[in-house]
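Asker: My file is protein.pdb. It has PDB, C-alpha atoms:
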ATOM      1  CA  MET O   1     -16.868  13.534  -9.088
ATOM      2  CA  TYR O   2     -19.327  11.183  -7.410
ATOM      3  CA  GLY O   3     -16.746   8.416  -6.966
ATOM      4  CA  ALA O   4     -14.192  10.707  -5.329
ATOM      5  CA  ASN O   5     -16.886  12.112  -3.043
ATOM      6  CA  SER O   6     -17.913   8.593  -2.046
ATOM      7  CA  ILE O   7     -14.313   7.640  -1.241
ATOM      8  CA  ASN O   8     -13.895  10.845   0.784
ATOM      9  CA  MET O   9     -17.040  10.027   2.783
ATOM     10  CA  GLN O  10     -15.749   6.491   3.406
ATOM     11  CA  ALA O  11     -12.394   7.845   4.591
ATOM     12  CA  GLN O  12     -14.148  10.200   6.990
ATOM     13  CA  PHE O  13     -16.277   7.349   8.333
ATOM     14  CA  MET O  14     -13.253   5.084   8.787
ATOM     15  CA  SER O  15     -11.309   7.814  10.589
ATOM     16  CA  GLN O  16     -14.261   8.317  12.927
ATOM     17  CA  GLN O  17     -14.213   4.580  13.641
ATOM     18  CA  ASN O  18     -10.437   4.719  14.343
ATOM     19  CA  GLN O  19      -9.735   2.262  11.523
ATOM     20  CA  VAL O  20      -7.220   4.380   9.640
ATOM     21  CA  PRO O  21      -3.727   3.299  10.667
ATOM     22  CA  THR O  22      -1.360   5.920  11.989
ATOM     23  CA  ILE O  23       2.115   6.250  10.546
ATOM     24  CA  ASP O  24       5.094   7.273  12.629
ATOM     25  CA  ALA O  25       8.058   8.135  10.389
ATOM     26  CA  ASN O  26      10.445   7.879  13.351
ATOM     27  CA  THR O  27      10.053   4.108  13.840
ATOM     28  CA  ASP O  28      12.421   1.440  12.568
ATOM     29  CA  ASP O  29      12.206   0.234   8.958
ATOM     30  CA  ALA O  30      10.217  -2.929   9.683
ATOM     31  CA  LYS O  31       7.559  -1.050  11.665
ATOM     32  CA  LEU O  32       7.394   1.710   9.043
ATOM     33  CA  ARG O  33       6.867  -0.892   6.290
ATOM     34  CA  GLU O  34       4.133  -2.538   8.374
ATOM     35  CA  GLN O  35       2.395   0.814   8.869
ATOM     36  CA  THR O  36       2.581   1.820   5.198
ATOM     37  CA  ASP O  37       1.261  -1.617   4.172
ATOM     38  CA  ALA O  38      -1.663  -1.172   6.585
ATOM     39  CA  PHE O  39      -2.387   2.226   5.046
ATOM     40  CA  GLU O  40      -2.306   0.720   1.543
ATOM     41  CA  SER O  41      -4.708  -1.967   2.741
ATOM     42  CA  VAL O  42      -7.222   0.706   3.774
ATOM     43  CA  ILE O  43      -6.931   2.390   0.373
ATOM     44  CA  LEU O  44      -7.449  -0.917  -1.445
ATOM     45  CA  LYS O  45     -10.470  -1.796   0.715
ATOM     46  CA  MET O  46     -12.084   1.554  -0.033
ATOM     47  CA  LEU O  47     -11.462   1.110  -3.767
ATOM     48  CA  MET O  48     -12.918  -2.409  -3.764
ATOM     49  CA  ASP O  49     -15.945  -1.361  -1.702
ATOM     50  CA  ASN O  50     -16.607   1.517  -4.074
ATOM     51  CA  ALA O  51     -16.205  -0.687  -7.154
ATOM     52  CA  MET O  52     -18.508  -3.394  -5.797
ATOM     53  CA  LYS O  53     -21.251  -1.246  -4.275
ATOM     54  CA  ASP O  54     -23.687  -1.846  -7.162
ATOM     55  CA  GLU O  55     -22.824  -5.526  -7.588
ATOM     56  CA  LYS O  56     -25.750  -7.771  -8.385
ATOM     57  CA  ASN O  57     -25.854 -11.372  -7.257
ATOM     58  CA  ILE O  58     -25.895 -13.233 -10.567
ATOM     59  CA  PHE O  59     -26.187 -16.699  -9.004
ATOM     60  CA  SER O  60     -29.236 -16.214  -6.822
ATOM     61  CA  ALA O  61     -32.287 -13.989  -6.607
ATOM     62  CA  GLN O  62     -32.330 -14.313  -2.826
ATOM     63  CA  ASN O  63     -31.275 -11.338  -0.785
ATOM     64  CA  ASP O  64     -29.308 -12.929   2.059
ATOM     65  CA  PRO O  65     -28.779 -10.406   4.894
ATOM     66  CA  GLY O  66     -25.349 -11.835   5.723
ATOM     67  CA  ASP O  67     -24.183 -11.633   2.116
ATOM     68  CA  LYS O  68     -23.072  -7.988   2.314
ATOM     69  CA  ILE O  69     -21.219  -8.589   5.572
ATOM     70  CA  TYR O  70     -19.493 -11.688   4.211
ATOM     71  CA  LYS O  71     -18.423  -9.903   1.022
ATOM     72  CA  SER O  72     -17.162  -6.906   3.004
ATOM     73  CA  MET O  73     -15.107  -9.193   5.232
ATOM     74  CA  TYR O  74     -13.757 -10.975   2.141
ATOM     75  CA  ARG O  75     -12.717  -7.665   0.537
ATOM     76  CA  ASP O  76     -11.085  -6.608   3.825
ATOM     77  CA  GLU O  77      -8.971  -9.767   3.954
ATOM     78  CA  LEU O  78      -8.194  -9.496   0.235
ATOM     79  CA  ALA O  79      -7.015  -5.914   0.735
ATOM     80  CA  LYS O  80      -4.810  -6.963   3.672
ATOM     81  CA  ALA O  81      -3.294  -9.813   1.657
ATOM     82  CA  SER O  82      -2.675  -7.542  -1.348
ATOM     83  CA  ALA O  83      -1.159  -4.675   0.628
ATOM     84  CA  GLY O  84       2.394  -3.884  -0.352
ATOM     85  CA  GLY O  85       1.972  -4.971  -3.954
ATOM     86  CA  PHE O  86       0.294  -1.964  -5.537
ATOM     87  CA  GLY O  87       2.949   0.697  -5.003
ATOM     88  CA  PHE O  88       1.164   3.044  -2.594
ATOM     89  CA  SER O  89       2.995   1.529   0.354
ATOM     90  CA  GLN O  90       6.370   1.681  -1.398
ATOM     91  CA  MET O  91       5.951   5.338  -2.404
ATOM     92  CA  LEU O  92       4.876   6.300   1.111
ATOM     93  CA  TYR O  93       7.676   4.238   2.668
ATOM     94  CA  ASP O  94      10.303   5.854   0.401
ATOM     95  CA  TYR O  95       9.017   9.334   1.188
ATOM     96  CA  LEU O  96       8.845   8.811   4.958
ATOM     97  CA  SER O  97      12.163   6.991   5.242
ATOM     98  CA  GLN O  98      13.903   9.962   3.573
ATOM     99  CA  LYS O  99      12.196  12.456   5.892
ATOM    100  CA  GLY O 100      12.826  10.475   9.081
TER
END
Would you give me this structure, written as structure tokens?
Answerer:
Amino acid sequence: MYGANSINMQAQFMSQQNQVPTIDANTDDAKLREQTDAFESVILKMLMDNAMKDEKNIFSAQNDPGDKIYKSMYRDELAKASAGGFGFSQMLYDYLSQKG
């Protein structure tokens, strides 16, 4: 229950920051695929952030202030690069392309 609540809070925060991509089912196939991949990227980033929130630095006892920012940026780029390969995008694309 806690994990789902945390993801819900993150989704609300991201929507307030206008980071959640919008999907228009009436666009052409290439644009629709791009939009569903962007949506999958957001889902993956939230999952990775939630999974890594209690991560301890096993290589150093120092608490570098830029470390959290760097790791967040890394997970963001990893989520973008992985988007389209986990199935969320494909399921959403299939659903929206049938409705459009």
Asker: Can you work out the spacing between atom CA of Leu78 of chain O and atom CA of Met48 of chain O in Å, to one decimal?
Answerer: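 Distance between the two atoms: 9.4 Å.
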Asker: Residue by residue, what does the PyMOL selection byres ((chain O and resi 86) around 12) grab here? Present the result as a list in words.
Answerer: Thr36, Asp37, Phe39, Glu40, Ser41, Ile43, Leu44, Ala79, Lys80, Ala81, Ser82, Ala83, Gly84, Gly85, Gly87, Phe88, Ser89, Gln90, Met91 and Leu92 of chain O
Asker: Please determine, counting all atoms listed in the file, which residue among O:Ser72, O:Ser97, O:Thr22, O:Leu32 has the shortest atom-to-atom distance to Leu47 of chain O.
Answerer: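 With all atoms listed in the file as the atom set, the closest residue is O:Ser72.
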Asker: In Å, how far is it from atom CA of Arg33 of chain O to atom CA of Leu96 of chain O?
Answerer: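 Answer for the atom CA of Arg33 of chain O to atom CA of Leu96 of chain O separation: 10.0 Å.
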Asker: Find, counting only C-alpha atoms, the residue in O:Pro65, O:Glu77, O:Asn50, O:Tyr93 that gets nearest to Thr27 of chain O.
Answerer: O:Tyr93
Asker: Measure the distance from atom CA of Arg75 of chain O to atom CA of Lys31 of chain O in Å and round it to one decimal.
Answerer: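 Distance reported for this atom pair: 24.1 Å.
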